[in-house]
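Only one structure is covered here, and it is reproduced in the block below.
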Amino acid sequence: MSVMTATSKGAATREAIIDRAYGIACSAGLEGLSIGPLAQAVGMSKSGVFAHFGSREDLQLAVLDAAGQRFVSTVLSPALKAPRGIPRLRAIAEGWFEWARQSEGGCILLSAASEFDDRPGPLRDRIVRNELLWREQICRAVQIGVDVGDLAADTEPEQMAFELYSLALTVHHDAGLFGFDLAVSRGRRALERLFRSYAPQSGAPQS
């Protein structure tokens with residue numbers, strides 16, 4: 001077996017482990033991950049799993065990164081193809097709502113924030129970093145909305161990003177309790193009301 005073939009096989013095995021671990025973490029959280037049951041689920045020995053992840057924490061970090069990559073591909077990447085301004089912000093919100101539907105078993109990103117918000121360490125650091133990067137993306141989209149005249153000139157990107165985030169969290173919360181369709185219907189109504197609240201006032205100068 002060539003080195004390249006062995007490397008490719010090793011990468012594929014690692015991805016298969018992460019994929020199975022991701023499914024477990026969706027329902028049980030990152031704290032629900034255990035090397036023993038995971039090894040059994042993928043048909044490997046514990047030592048075989050440890051060959052790809054030096055520790056349980058390394059596995060948790062890899063699953064967290066995989067969740068972030070899936071979130072970006074579901075929410076951010078498609079939204080960036082939408083026209084700048086309100087259409088892009090709406091696309092971000094719609095993608096976020098869709099993420100709630102795909103995460104009916106549980107959203108790792110949300111559960112991880114609750115699990116590790118008061119527990120210093122590499123996992124909390126990674127969660128905070130990812131959250132800050134995501135909020136920067138929302139703020140950038142809001143600022144573009146101001147620049148193109150879709151939003152009032154005095155719009156504070158950080159505040160609007162906070163409100164968009166709050167809306168998405170409520171949709172995720174209600175989707176699990178009351179059903180996705182109802183949650184998204186209310187979320188969309190709230191989203192349009194939010195956009196109206198930030199609309200430029202008629203006749204007001206835009207910077």
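Residues are referred to by chain and number: the chain letter is A, B, ... according to the order shown in the structure tokens, the number counts from 1 in that chain, and ligands are numbered separately from 1 in the order shown.
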If you run DSSP on the backbone, which residues of range 4-207 of chain A are helix (DSSP H, G or I), as a ChimeraX atom specification?
/A:4-28,30-32,35-41,46-50,56-79,86-102,108-116,122-147,157-178,180-197
Contacts of range 154-161 of chain A at 12 Å (only C-alpha atoms; same-chain gap of 2+ positions) as a PyMOL selection string:
chain A and resi 89+92-93+131-132+134-147+149-152+163-168+191+194-195+197-201+204-207
Arg126 in chain A environment, 10 Å, only C-alpha atoms, sequence neighbours closer than 6 positions dropped, as a list in words
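My list of contacting residues is Leu61, Leu64, Asp65 and Leu132 of chain A.
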Kindly give the distance, in Å, that separates CA of Leu109 in chain A and CA of Leu33 in chain A, rounded to a single decimal.
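Spanning CA of Leu109 in chain A to CA of Leu33 in chain A is a straight-line distance of 14.6 Å.
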Which residue, A:His52, A:Ala113, A:Gln60, A:Gly85, has the smallest gap to Lys9 in chain A when you use only C-alpha atoms?
A:His52
Choose the residue, out of A:Ala66, A:Ile86, A:Val72, A:Ala25, that has the smallest atom-to-atom separation from Val148 in chain A; count only C-alpha atoms.
A:Ile86
Interface rows for range 127-201 of chain A against range 95-106 of chain A: nearest pair, Å to one decimal, 12 Å, only C-alpha atoms, as a tab-separated table:
```
residue	atom	partner	partner_atom	distance
A:Trp134	CA	A:Trp96	CA	11.6
A:Ile138	CA	A:Trp96	CA	11.6
A:Leu164	CA	A:Trp96	CA	10.0
A:Tyr165	CA	A:Trp96	CA	9.4
A:Ser166	CA	A:Trp96	CA	11.6
A:Leu167	CA	A:Phe97	CA	9.7
A:Ala168	CA	A:Trp96	CA	6.6
A:Leu169	CA	A:Ala100	CA	9.1
A:Thr170	CA	A:Phe97	CA	10.1
A:Val171	CA	A:Phe97	CA	6.9
A:His172	CA	A:Ala100	CA	5.3
A:His173	CA	A:Ala100	CA	8.8
A:Asp174	CA	A:Ala100	CA	9.7
A:Ala175	CA	A:Ala100	CA	7.1
A:Gly176	CA	A:Glu104	CA	6.6
A:Leu177	CA	A:Glu104	CA	10.3
A:Phe178	CA	A:Glu104	CA	11.7
A:Gly179	CA	A:Arg101	CA	9.3
A:Phe180	CA	A:Arg101	CA	6.3
A:Asp181	CA	A:Arg101	CA	9.0
A:Leu182	CA	A:Phe97	CA	11.5
A:Ala183	CA	A:Phe97	CA	8.8
A:Val184	CA	A:Phe97	CA	6.6
A:Ser185	CA	A:Phe97	CA	10.1
A:Arg186	CA	A:Phe97	CA	11.1
A:Gly187	CA	A:Phe97	CA	8.2
A:Arg188	CA	A:Phe97	CA	9.1
A:Leu191	CA	A:Phe97	CA	11.2
```
Which residues, written as a PyMOL selection string, have at least one atom at most 12 Å from Glu31 in chain A, with only C-alpha atoms counted and residues fewer than 5 positions away on the same chain left out?
chain A and resi 21-22+24-26+56-57+59-61+63-64+108+111-116+123
Taking 4 positions as the minimum chain separation for residues in the same chain, which residues sit within 9 Å of Ile17 in chain A when counting only C-alpha atoms? Answer as a list in words.
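Here the answer would be Ala12, Thr13, Ala21, Tyr22, Leu38, Ala39, Ala41, Val42, Val49 and His52 of chain A.
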What is the distance, in Å and to one decimal place, between CA of Gly54 in chain A and CA of Ser34 in chain A?
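Pair CA of Gly54 in chain A / CA of Ser34 in chain A returns 13.1 Å.
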